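The file entry_30.csv comes next; it holds CSV, C-alpha atoms.
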```
chain,number,residue,atom,x,y,z
T,1,MET,CA,-10.8,18.4,-35.8
T,2,LYS,CA,-9.4,15.0,-34.9
T,3,TYR,CA,-7.7,14.7,-31.5
T,4,SER,CA,-5.1,12.1,-30.7
T,5,PHE,CA,-4.3,10.4,-27.4
T,6,SER,CA,-1.9,7.7,-26.4
T,7,ALA,CA,-3.1,4.2,-26.2
T,8,ARG,CA,-1.7,3.9,-22.7
T,9,THR,CA,-4.4,6.3,-21.5
T,10,GLY,CA,-7.3,4.4,-23.2
T,11,TRP,CA,-8.9,3.4,-19.9
T,12,GLU,CA,-12.6,2.8,-19.3
T,13,LEU,CA,-13.5,6.1,-17.6
T,14,GLU,CA,-17.1,5.5,-16.9
T,15,GLU,CA,-17.9,5.1,-13.2
T,16,ASN,CA,-19.1,1.7,-12.1
T,17,ILE,CA,-22.6,1.4,-10.7
T,18,LEU,CA,-21.4,1.2,-7.1
T,19,SER,CA,-19.6,4.5,-7.4
T,20,ARG,CA,-22.5,6.2,-9.2
T,21,THR,CA,-25.0,5.0,-6.6
T,22,LEU,CA,-22.7,6.2,-3.8
T,23,GLN,CA,-22.4,9.6,-5.3
T,24,ASP,CA,-26.1,10.0,-6.0
T,25,MET,CA,-27.0,9.0,-2.4
T,26,ARG,CA,-24.4,11.4,-0.9
T,27,SER,CA,-25.7,14.2,-3.2
T,28,ALA,CA,-29.2,13.5,-1.8
T,29,GLY,CA,-27.9,14.0,1.7
T,30,THR,CA,-27.9,10.3,2.7
T,31,GLU,CA,-25.5,9.5,5.5
T,32,ILE,CA,-23.3,6.6,4.5
T,33,ILE,CA,-21.1,4.4,6.7
T,34,ASP,CA,-18.1,4.0,4.5
T,35,PHE,CA,-16.1,0.8,5.0
T,36,THR,CA,-13.9,1.8,2.1
T,37,GLU,CA,-12.4,4.9,3.9
T,38,SER,CA,-8.7,5.0,3.2
T,39,ASN,CA,-8.1,8.7,4.2
T,40,PRO,CA,-7.0,8.8,7.9
T,41,THR,CA,-7.4,12.5,8.1
T,42,ARG,CA,-11.2,12.0,7.9
T,43,CYS,CA,-11.2,9.4,10.7
T,44,GLY,CA,-10.9,11.5,13.8
T,45,PHE,CA,-7.3,11.0,14.8
T,46,SER,CA,-5.5,13.6,16.8
T,47,TYR,CA,-2.5,15.2,15.1
T,48,PRO,CA,0.1,17.3,17.0
T,49,ALA,CA,-0.6,20.4,14.8
T,50,ASP,CA,2.1,22.5,16.3
T,51,LYS,CA,4.9,19.9,15.8
T,52,LEU,CA,3.7,19.2,12.3
T,53,LEU,CA,3.1,22.8,11.1
T,54,ARG,CA,5.8,24.8,12.8
T,55,PRO,CA,8.6,23.4,10.5
T,56,LEU,CA,6.8,24.7,7.5
T,57,SER,CA,7.4,28.3,8.5
T,58,ALA,CA,11.2,27.8,8.8
T,59,PRO,CA,13.2,30.5,6.9
T,60,GLU,CA,15.3,27.8,5.2
T,61,ASN,CA,12.2,26.9,3.2
T,62,LEU,CA,12.9,30.0,1.1
T,63,VAL,CA,16.3,28.7,0.0
T,64,TYR,CA,16.4,26.2,-3.0
T,65,ALA,CA,19.3,23.9,-2.7
T,66,PRO,CA,18.2,20.6,-4.4
T,67,HIS,CA,20.0,17.3,-4.4
T,68,PRO,CA,19.0,14.6,-6.9
T,69,LYS,CA,18.6,11.9,-4.3
T,70,GLY,CA,17.0,14.4,-1.9
T,71,MET,CA,18.5,16.7,0.8
T,72,LEU,CA,21.0,14.9,3.0
T,73,LYS,CA,19.3,15.9,6.2
T,74,ALA,CA,16.0,14.5,5.0
T,75,ARG,CA,17.7,11.2,4.0
T,76,GLN,CA,19.4,11.1,7.4
T,77,ALA,CA,16.0,11.6,9.0
T,78,VAL,CA,14.6,8.6,7.1
T,79,SER,CA,17.7,6.6,8.0
T,80,GLY,CA,17.2,7.5,11.7
T,81,TYR,CA,13.5,6.4,11.4
T,82,TYR,CA,14.7,3.0,10.2
T,83,ALA,CA,17.3,2.8,13.0
T,84,GLY,CA,14.5,3.3,15.5
T,85,ARG,CA,13.0,0.1,14.1
T,86,GLY,CA,16.3,-1.7,14.4
T,87,ILE,CA,17.0,-1.5,10.7
T,88,THR,CA,20.3,-0.1,9.2
T,89,VAL,CA,19.7,2.0,6.1
T,90,ASP,CA,22.6,4.1,4.7
T,91,PRO,CA,21.3,7.6,3.8
T,92,GLU,CA,23.4,7.3,0.6
T,93,ARG,CA,21.3,4.4,-0.4
T,94,LEU,CA,18.1,6.4,-0.2
T,95,VAL,CA,16.4,8.3,-3.0
T,96,LEU,CA,13.5,10.6,-2.0
T,97,THR,CA,10.4,10.9,-4.1
T,98,SER,CA,7.2,12.9,-3.8
T,99,SER,CA,5.0,9.8,-3.5
T,100,THR,CA,5.2,6.0,-3.6
T,101,SER,CA,3.5,6.2,-7.0
T,102,GLU,CA,6.3,8.3,-8.2
T,103,ALA,CA,8.8,5.9,-6.7
T,104,TYR,CA,7.2,3.1,-8.8
T,105,SER,CA,7.5,5.2,-11.9
T,106,PHE,CA,11.2,5.9,-11.2
T,107,LEU,CA,11.8,2.1,-10.8
T,108,PHE,CA,9.8,1.2,-13.9
T,109,ARG,CA,12.0,3.7,-15.8
T,110,LEU,CA,15.1,2.3,-14.2
T,111,LEU,CA,14.5,-1.4,-14.8
T,112,PHE,CA,12.1,-1.9,-17.8
T,113,GLU,CA,12.0,-1.4,-21.5
T,114,PRO,CA,8.6,-0.7,-23.2
T,115,GLY,CA,6.7,-4.0,-23.2
T,116,ASP,CA,8.7,-5.7,-20.4
T,117,ARG,CA,6.7,-7.4,-17.7
T,118,VAL,CA,6.4,-7.1,-13.9
T,119,LEU,CA,4.9,-9.8,-11.6
T,120,VAL,CA,2.3,-8.4,-9.2
T,121,PRO,CA,0.5,-10.2,-6.4
T,122,ALA,CA,-3.2,-11.1,-6.6
T,123,PRO,CA,-5.2,-10.2,-4.5
T,124,SER,CA,-3.5,-6.8,-4.0
T,125,TYR,CA,-3.8,-3.1,-4.7
T,126,PRO,CA,-5.6,-2.4,-8.0
T,127,LEU,CA,-3.5,0.7,-8.9
T,128,PHE,CA,-0.6,-1.4,-10.0
T,129,SER,CA,-2.0,-2.0,-13.5
T,130,TYR,CA,-2.4,1.8,-14.0
T,131,LEU,CA,1.1,2.6,-12.7
T,132,ALA,CA,2.6,0.0,-14.9
T,133,GLY,CA,0.6,0.9,-18.0
T,134,ILE,CA,1.4,4.6,-18.0
T,135,ASN,CA,5.1,3.5,-17.9
T,136,ASP,CA,4.6,1.1,-20.9
T,137,VAL,CA,5.1,-2.0,-18.6
T,138,GLU,CA,2.9,-5.1,-18.8
T,139,VAL,CA,1.5,-6.8,-15.7
T,140,ASP,CA,1.4,-10.5,-14.9
T,141,TYR,CA,-0.1,-11.8,-11.7
T,142,TYR,CA,1.1,-14.4,-9.2
T,143,ARG,CA,-1.2,-15.9,-6.6
T,144,LEU,CA,-1.4,-15.4,-2.8
T,145,VAL,CA,-3.1,-18.5,-1.5
T,146,PHE,CA,-4.9,-18.9,1.8
T,147,ASP,CA,-4.8,-22.1,3.9
T,148,GLY,CA,-5.5,-20.6,7.3
T,149,GLU,CA,-2.7,-18.1,6.6
T,150,TRP,CA,-1.8,-16.2,3.4
T,151,HIS,CA,1.2,-17.5,1.4
T,152,ILE,CA,3.0,-16.6,-1.8
T,153,ASP,CA,2.5,-19.4,-4.4
T,154,LEU,CA,6.2,-19.5,-5.3
T,155,ALA,CA,5.7,-22.3,-7.9
T,156,SER,CA,3.0,-20.3,-9.8
T,157,LEU,CA,5.2,-17.2,-9.5
T,158,GLU,CA,8.2,-18.8,-11.1
T,159,LEU,CA,6.0,-20.3,-13.9
T,160,GLY,CA,4.9,-16.8,-14.6
T,161,VAL,CA,8.5,-15.6,-15.3
T,162,THR,CA,9.2,-15.0,-19.0
T,163,SER,CA,12.2,-13.5,-20.9
T,164,PHE,CA,10.4,-10.1,-20.6
T,165,THR,CA,10.0,-10.3,-16.8
T,166,LYS,CA,12.2,-7.8,-15.0
T,167,ALA,CA,10.9,-7.6,-11.5
T,168,ILE,CA,8.6,-8.9,-8.8
T,169,ILE,CA,6.4,-6.5,-6.7
T,170,LEU,CA,5.8,-7.4,-3.1
T,171,VAL,CA,3.5,-5.6,-0.7
T,172,SER,CA,4.2,-6.4,3.0
T,173,PRO,CA,1.9,-6.0,4.7
T,174,ASN,CA,-0.3,-6.6,1.7
T,175,ASN,CA,-3.3,-4.4,0.9
T,176,PRO,CA,-5.9,-5.8,1.4
T,177,THR,CA,-5.1,-9.2,2.8
T,178,GLY,CA,-2.9,-7.8,5.6
T,179,SER,CA,-0.4,-10.6,5.0
T,180,CYS,CA,3.4,-10.2,5.5
T,181,ILE,CA,6.2,-11.9,3.8
T,182,LYS,CA,7.6,-15.0,5.6
T,183,THR,CA,11.3,-15.9,5.9
T,184,ALA,CA,11.0,-19.0,3.7
T,185,GLU,CA,9.2,-17.0,1.1
T,186,LEU,CA,12.0,-14.5,0.9
T,187,GLU,CA,14.5,-17.2,0.5
T,188,GLY,CA,12.4,-18.6,-2.4
T,189,LEU,CA,12.1,-15.2,-4.0
T,190,ASN,CA,15.8,-14.5,-3.7
T,191,GLY,CA,16.4,-17.8,-5.5
T,192,ILE,CA,14.0,-17.0,-8.3
T,193,CYS,CA,15.6,-13.6,-8.7
T,194,HIS,CA,19.0,-15.1,-8.9
T,195,ARG,CA,18.0,-17.7,-11.4
T,196,HIS,CA,16.2,-15.3,-13.7
T,197,GLY,CA,18.0,-12.0,-13.1
T,198,LEU,CA,15.1,-10.2,-11.5
T,199,SER,CA,14.7,-7.4,-9.0
T,200,LEU,CA,12.4,-7.2,-6.0
T,201,LEU,CA,10.3,-4.1,-5.5
T,202,CYS,CA,8.9,-4.3,-1.9
T,203,ASP,CA,6.2,-1.9,-0.9
T,204,GLU,CA,6.3,-1.5,2.9
T,205,VAL,CA,4.2,1.5,3.4
T,206,PHE,CA,2.0,-0.3,6.0
T,207,GLY,CA,5.1,-1.7,7.9
T,208,ASP,CA,4.4,0.4,11.0
T,209,TYR,CA,1.0,-1.2,11.5
T,210,ILE,CA,1.6,-4.8,12.5
T,211,SER,CA,-0.8,-6.8,14.7
T,212,GLU,CA,0.3,-7.7,18.2
T,213,GLN,CA,0.2,-11.4,17.4
T,214,TYR,CA,2.5,-11.1,14.4
T,215,ARG,CA,4.8,-8.3,15.5
T,216,GLY,CA,7.7,-10.6,16.4
T,217,ARG,CA,7.7,-12.2,13.0
T,218,TYR,CA,7.6,-9.1,10.8
T,219,PHE,CA,10.7,-7.9,9.0
T,220,SER,CA,11.7,-5.3,6.4
T,221,LEU,CA,13.4,-6.2,3.2
T,222,ALA,CA,15.6,-3.0,3.5
T,223,GLY,CA,18.4,-5.3,4.6
T,224,ASN,CA,18.0,-7.9,1.9
T,225,SER,CA,21.2,-8.0,-0.1
T,226,ALA,CA,20.8,-11.5,-1.7
T,227,ALA,CA,18.9,-10.0,-4.7
T,228,PRO,CA,18.5,-6.5,-6.2
T,229,THR,CA,16.0,-5.0,-3.8
T,230,PHE,CA,14.1,-1.7,-3.7
T,231,VAL,CA,12.1,-0.9,-0.6
T,232,LEU,CA,9.4,1.7,-0.8
T,233,GLY,CA,8.1,3.7,2.2
T,234,GLY,CA,6.6,7.1,2.8
T,235,LEU,CA,4.8,9.6,5.1
T,236,SER,CA,1.4,8.9,3.7
T,237,LYS,CA,1.1,5.9,5.9
T,238,SER,CA,3.9,6.3,8.4
T,239,LEU,CA,2.4,9.7,9.5
T,240,ALA,CA,-1.1,8.9,8.4
T,241,LEU,CA,-0.9,12.1,6.4
T,242,PRO,CA,-1.3,11.5,2.7
T,243,GLN,CA,-1.0,15.2,1.9
T,244,MET,CA,2.6,15.4,3.3
T,245,LYS,CA,4.2,14.4,0.1
T,246,LEU,CA,7.4,12.6,0.9
T,247,SER,CA,8.4,9.0,0.1
T,248,TRP,CA,11.5,7.1,-0.5
T,249,ILE,CA,13.3,4.2,-2.2
T,250,ALA,CA,15.9,2.2,-0.2
T,251,VAL,CA,18.3,0.4,-2.5
T,252,ASN,CA,20.0,-2.9,-1.5
T,253,GLY,CA,21.5,-5.9,-3.2
T,254,PRO,CA,24.9,-7.0,-4.6
T,255,SER,CA,27.4,-4.2,-4.3
T,256,GLY,CA,28.0,-3.7,-8.0
T,257,PHE,CA,24.3,-3.5,-8.6
T,258,VAL,CA,23.6,-1.0,-5.8
T,259,GLU,CA,26.2,1.6,-7.1
T,260,ALA,CA,24.9,1.3,-10.7
T,261,ALA,CA,21.2,1.5,-9.7
T,262,LEU,CA,21.8,4.6,-7.5
T,263,SER,CA,23.8,6.4,-10.2
T,264,ARG,CA,20.9,5.9,-12.7
T,265,LEU,CA,18.2,6.7,-10.1
T,266,GLU,CA,20.1,9.9,-9.4
T,267,VAL,CA,19.8,11.0,-13.0
T,268,ILE,CA,16.1,10.0,-13.1
T,269,SER,CA,15.4,12.0,-10.0
T,270,ASP,CA,17.5,14.9,-11.1
T,271,THR,CA,15.3,15.1,-14.2
T,272,TYR,CA,12.2,15.8,-12.1
T,273,LEU,CA,13.4,17.2,-8.7
T,274,SER,CA,9.9,16.8,-7.6
T,275,VAL,CA,10.3,16.6,-3.8
T,276,ASN,CA,9.4,20.0,-2.3
T,277,THR,CA,11.9,21.8,0.0
T,278,PRO,CA,9.5,22.3,3.0
T,279,ALA,CA,8.7,18.6,3.3
T,280,GLN,CA,12.4,17.7,3.3
T,281,ASN,CA,13.3,20.4,5.9
T,282,ALA,CA,10.4,19.1,8.1
T,283,ALA,CA,11.2,15.4,7.7
T,284,ALA,CA,13.1,15.0,10.9
T,285,ASP,CA,10.5,16.8,13.0
T,286,TRP,CA,7.6,14.9,11.3
T,287,LEU,CA,9.2,11.5,11.7
T,288,ALA,CA,9.9,12.3,15.4
T,289,ALA,CA,6.2,12.8,15.9
T,290,ALA,CA,5.3,9.6,14.0
T,291,SER,CA,5.0,7.2,17.0
T,292,GLY,CA,2.2,9.2,18.6
T,293,ILE,CA,0.1,9.1,15.4
T,294,GLN,CA,0.9,5.4,14.7
T,295,SER,CA,-0.1,4.3,18.1
T,296,GLN,CA,-3.6,5.9,17.6
T,297,VAL,CA,-4.0,4.2,14.2
T,298,LEU,CA,-2.8,0.8,15.4
T,299,GLU,CA,-5.0,1.0,18.4
T,300,ARG,CA,-8.0,1.8,16.2
T,301,VAL,CA,-7.5,-0.8,13.6
T,302,SER,CA,-6.7,-3.5,16.2
T,303,ALA,CA,-9.9,-2.7,18.1
T,304,ASN,CA,-12.1,-2.6,14.9
T,305,TYR,CA,-10.6,-5.9,13.7
T,306,LEU,CA,-11.4,-7.5,17.1
T,307,ALA,CA,-15.0,-6.1,16.9
T,308,LEU,CA,-15.3,-7.5,13.4
T,309,ARG,CA,-14.0,-10.9,14.3
T,310,ASN,CA,-16.2,-11.2,17.4
T,311,ALA,CA,-19.3,-10.1,15.6
T,312,PHE,CA,-19.0,-12.9,13.0
T,313,GLU,CA,-17.8,-15.5,15.4
T,314,CYS,CA,-21.1,-15.1,17.2
T,315,THR,CA,-23.2,-15.6,14.1
T,316,GLY,CA,-21.1,-17.9,11.9
T,317,ALA,CA,-22.4,-16.0,8.9
T,318,ALA,CA,-18.9,-15.2,7.6
T,319,GLU,CA,-15.2,-15.8,8.3
T,320,VAL,CA,-12.9,-12.9,9.2
T,321,LEU,CA,-9.6,-13.9,7.7
T,322,PRO,CA,-6.4,-13.4,9.9
T,323,TRP,CA,-5.0,-9.9,9.9
T,324,GLU,CA,-1.2,-9.5,10.2
T,325,GLY,CA,-0.9,-5.8,9.5
T,326,GLY,CA,-2.1,-2.8,7.5
T,327,TRP,CA,-5.4,-1.0,7.6
T,328,TYR,CA,-7.8,-3.5,6.0
T,329,ALA,CA,-9.6,-6.8,6.7
T,330,VAL,CA,-11.1,-9.5,4.5
T,331,LEU,CA,-14.4,-11.2,5.0
T,332,SER,CA,-15.0,-14.6,3.4
T,333,VAL,CA,-18.7,-15.1,2.7
T,334,PRO,CA,-19.1,-18.5,1.0
T,335,GLN,CA,-22.8,-18.1,0.3
T,336,LEU,CA,-22.1,-14.9,-1.6
T,337,SER,CA,-22.4,-15.4,-5.4
T,338,ASP,CA,-22.3,-11.8,-6.6
T,339,GLY,CA,-20.2,-9.5,-4.5
T,340,GLU,CA,-21.0,-6.3,-6.5
T,341,GLU,CA,-24.8,-7.0,-6.3
T,342,PHE,CA,-24.5,-7.6,-2.6
T,343,ALA,CA,-22.5,-4.4,-2.1
T,344,LEU,CA,-25.0,-2.4,-4.1
T,345,ARG,CA,-28.0,-3.8,-2.1
T,346,LEU,CA,-26.1,-3.1,1.2
T,347,LEU,CA,-25.5,0.5,0.1
T,348,LYS,CA,-29.1,1.1,-1.0
T,349,GLU,CA,-30.9,-0.7,1.8
T,350,ARG,CA,-28.6,-0.2,4.8
T,351,GLN,CA,-26.5,2.8,3.8
T,352,VAL,CA,-23.2,0.8,4.3
T,353,PHE,CA,-20.5,0.9,1.6
T,354,LEU,CA,-17.8,-1.7,1.2
T,355,HIS,CA,-15.8,-3.2,-1.7
T,356,PRO,CA,-16.4,-6.5,-3.2
T,357,GLY,CA,-13.3,-8.7,-3.5
T,358,TYR,CA,-13.0,-8.5,-7.3
T,359,PHE,CA,-11.9,-4.8,-6.9
T,360,PHE,CA,-8.6,-6.3,-5.5
T,361,ASP,CA,-8.3,-9.2,-8.0
T,362,PHE,CA,-9.6,-12.0,-5.8
T,363,GLU,CA,-9.9,-14.9,-8.1
T,364,GLU,CA,-13.2,-16.2,-6.6
T,365,ASP,CA,-16.3,-14.4,-5.5
T,366,GLY,CA,-17.4,-14.5,-1.8
T,367,PHE,CA,-14.9,-12.0,-0.5
T,368,MET,CA,-15.5,-8.5,0.8
T,369,VAL,CA,-12.9,-5.9,1.9
T,370,LEU,CA,-13.3,-3.5,4.8
T,371,SER,CA,-11.2,-0.6,6.0
T,372,LEU,CA,-10.4,-0.7,9.7
T,373,LEU,CA,-9.9,3.1,10.0
T,374,PRO,CA,-13.5,4.4,10.7
T,375,PRO,CA,-14.2,5.7,14.2
T,376,PRO,CA,-15.3,2.9,16.5
T,377,ASP,CA,-18.9,4.2,16.9
T,378,LYS,CA,-19.5,4.3,13.1
T,379,PHE,CA,-17.6,1.1,12.6
T,380,ARG,CA,-19.9,-0.8,15.1
T,381,THR,CA,-23.1,0.7,13.7
T,382,GLY,CA,-22.1,-0.3,10.2
T,383,LEU,CA,-21.0,-3.7,11.5
T,384,GLU,CA,-24.4,-4.4,13.1
T,385,ARG,CA,-26.0,-3.6,9.7
T,386,LEU,CA,-23.5,-5.8,7.8
T,387,VAL,CA,-24.0,-8.8,10.1
T,388,VAL,CA,-27.8,-8.6,9.6
T,389,ALA,CA,-27.4,-8.3,5.8
T,390,ILE,CA,-25.0,-11.3,5.5
T,391,SER,CA,-27.0,-13.4,8.0
T,392,SER,CA,-30.0,-13.0,5.7
T,393,LEU,CA,-28.3,-14.3,2.6
```
Show this structure as structure tokens.
Amino acid sequence: MKYSFSARTGWELEENILSRTLQDMRSAGTEIIDFTESNPTRCGFSYPADKLLRPLSAPENLVYAPHPKGMLKARQAVSGYYAGRGITVDPERLVLTSSTSEAYSFLFRLLFEPGDRVLVPAPSYPLFSYLAGINDVEVDYYRLVFDGEWHIDLASLELGVTSFTKAIILVSPNNPTGSCIKTAELEGLNGICHRHGLSLLCDEVFGDYISEQYRGRYFSLAGNSAAPTFVLGGLSKSLALPQMKLSWIAVNGPSGFVEAALSRLEVISDTYLSVNTPAQNAAADWLAAASGIQSQVLERVSANYLALRNAFECTGAAEVLPWEGGWYAVLSVPQLSDGEEFALRLLKERQVFLHPGYFFDFEEDGFMVLSLLPPPDKFRTGLERLVVAISSL
């Protein structure tokens, strides 16, 4: 019997050699120091269990009263969360989703016809090509360039706009560069959107984790009305709890656009009604507990970044690129000619696992990406091994 599958799911499903080797070593009982760890619930943070779990037993969770944009009290909780950061977001301009990935899918359905194109930053999160592909959207890339600080290459971005381009994706802070959008860049992007009729999709899930040195310069696009703007956030990062499935889209832009976009998003959301009632009922209590969790995460990633920078400043074997926000750091290792081969050797010989830069669409070799989430003792042990390995190149 012949089976048929859609072309959009015709991915290469075989694991790469790094993943296979990691799995084999773990199956054999080898203890690995994982510098790719992205799950905060495995990193030893203290969560206020009572505050987080008590709302899940509330009697109102047994009543189903859905709203296409999400329950009003949950949207008000998200609006209050923004207000605590000095940002005004009208609850009526919020649409709740079960995850940021779902939010992207809603926006692809809202803005794109099959075969239309979206501009995505490089380097950045590798999942974008999958999210776009399963929604029949094609991906083009624009460059982030580094000259002591990361910048959007606005000229290359505008050259990448075609008659099929419908939107630009931003990630601020970016994963993995940790870079945040600058005021002049936003002005340039708004101009490009105005000239070509484009929307901005700004992923701000890491916006609560800004370095002390950059904190006064960071801003959210939730207040950007100069161009059609959709800001994405969620509890996965704001609470450091990926399993608490609640995210949102904040809609802004010219008034006529906002009303039309919200009306259409409401129909899309109503088609799925995917956000579960307990998460919406708990949103206010969960977001009230966010600052205590965020302070732990920010303290951890700041300390680990400082340890990373100090270790390589002493040896000169690699450059730790500036970190403005997020959970990741980038190492520049000019003498590295094959990042995957080095990562594989590091894993086999020193039981340290990290990602080569090409996983995140770095154009050149010589870059490695590290998570800053691991507990400090593990991080420092792995760092010692990494410094020795890079120094011996």
>> List as a PyMOL selection string the residues having at least one atom at most 12 Å from position (13.6, -13.3, 1.1) as given in the file, counting only C-alpha atoms.
In response: chain T and resi 152+154+168+170+172+180-194+199-202+219-229+253
Mind running stretch 162-200 of chain T against stretch 126-138 of chain T at 12 Å and telling me each contacting residue's nearest atom pair with the distance in Å (one decimal), counting only C-alpha atoms, chain and number ascending, as JSON lines?
```
{"residue": "T:Thr162", "atom": "CA", "partner": "T:Glu138", "partner_atom": "CA", "distance": 11.7}
{"residue": "T:Phe164", "atom": "CA", "partner": "T:Glu138", "partner_atom": "CA", "distance": 9.2}
{"residue": "T:Thr165", "atom": "CA", "partner": "T:Glu138", "partner_atom": "CA", "distance": 9.0}
{"residue": "T:Lys166", "atom": "CA", "partner": "T:Val137", "partner_atom": "CA", "distance": 9.8}
{"residue": "T:Ala167", "atom": "CA", "partner": "T:Val137", "partner_atom": "CA", "distance": 10.7}
{"residue": "T:Ile168", "atom": "CA", "partner": "T:Phe128", "partner_atom": "CA", "distance": 11.9}
{"residue": "T:Ile169", "atom": "CA", "partner": "T:Phe128", "partner_atom": "CA", "distance": 9.3}
{"residue": "T:Leu170", "atom": "CA", "partner": "T:Phe128", "partner_atom": "CA", "distance": 11.2}
{"residue": "T:Val171", "atom": "CA", "partner": "T:Phe128", "partner_atom": "CA", "distance": 11.0}
{"residue": "T:Asn174", "atom": "CA", "partner": "T:Pro126", "partner_atom": "CA", "distance": 11.8}
{"residue": "T:Asn175", "atom": "CA", "partner": "T:Pro126", "partner_atom": "CA", "distance": 9.4}
{"residue": "T:Pro176", "atom": "CA", "partner": "T:Pro126", "partner_atom": "CA", "distance": 10.0}
```
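Proximity of T:Ser19, T:Thr177, T:Arg215, T:Glu102 to T:Leu232, computed with only C-alpha atoms, is greatest for T:Glu102.
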> Using all atoms listed in the file, which of the listed residues (T:Pro278, T:Gly339, T:Pro48, T:Gly207) sits closest to T:Leu298?
Replying inline: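 Going through T:Pro278, T:Gly339, T:Pro48, T:Gly207 one by one, the smallest distance to T:Leu298 is for T:Gly207.
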>> When you look at T:Leu110 with a cut-off of 10 Å (counting all atoms listed in the file), what residues show up, excluding the ones that are within fewer than 4 positions of it in the same chain? I need them as an MDAnalysis selection string.
In response: chainID T and resid 104:106 261:262 264:265 267:268
> Between atom CA of T:Pro55 and atom CA of T:Leu246, what is the spacing in Å?
Replying inline: 14.5 Å
>> As an exercise, work out the distance from atom CA of T:Glu60 to atom CA of T:Gln76 in Å and give it to one decimal place.
In response: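 Separation between atom CA of T:Glu60 and atom CA of T:Gln76: 17.3 Å.
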> Which residue, T:Ala307, T:Leu383, T:Val145, T:Leu119, has the smallest gap to T:Arg350 when you use all atoms listed in the file?
Replying inline: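 Selected residue with least distance to T:Arg350: T:Leu383.
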>> Just the number, please: distance in Å from atom CA of T:Pro376 to atom CA of T:Tyr81, one decimal.
In response: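 Distance between the two atoms: 29.5 Å.
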With stretch 87-98 of chain T as the partner and 9 Å as the cut-off, tabulate the residues of stretch 42-77 of chain T that qualify, each row holding the nearest pair of atoms and their distance in Å to one decimal, using only C-alpha atoms, sorted by chain and rising number, as a tab-separated table.
```
residue	atom	partner	partner_atom	distance
T:Pro68	CA	T:Val95	CA	7.9
T:Lys69	CA	T:Val95	CA	4.4
T:Gly70	CA	T:Leu96	CA	5.2
T:Met71	CA	T:Leu96	CA	8.4
T:Leu72	CA	T:Pro91	CA	7.3
T:Lys73	CA	T:Pro91	CA	8.9
T:Ala74	CA	T:Leu96	CA	8.4
T:Arg75	CA	T:Pro91	CA	5.1
T:Gln76	CA	T:Pro91	CA	5.4
T:Ala77	CA	T:Pro91	CA	8.4
```
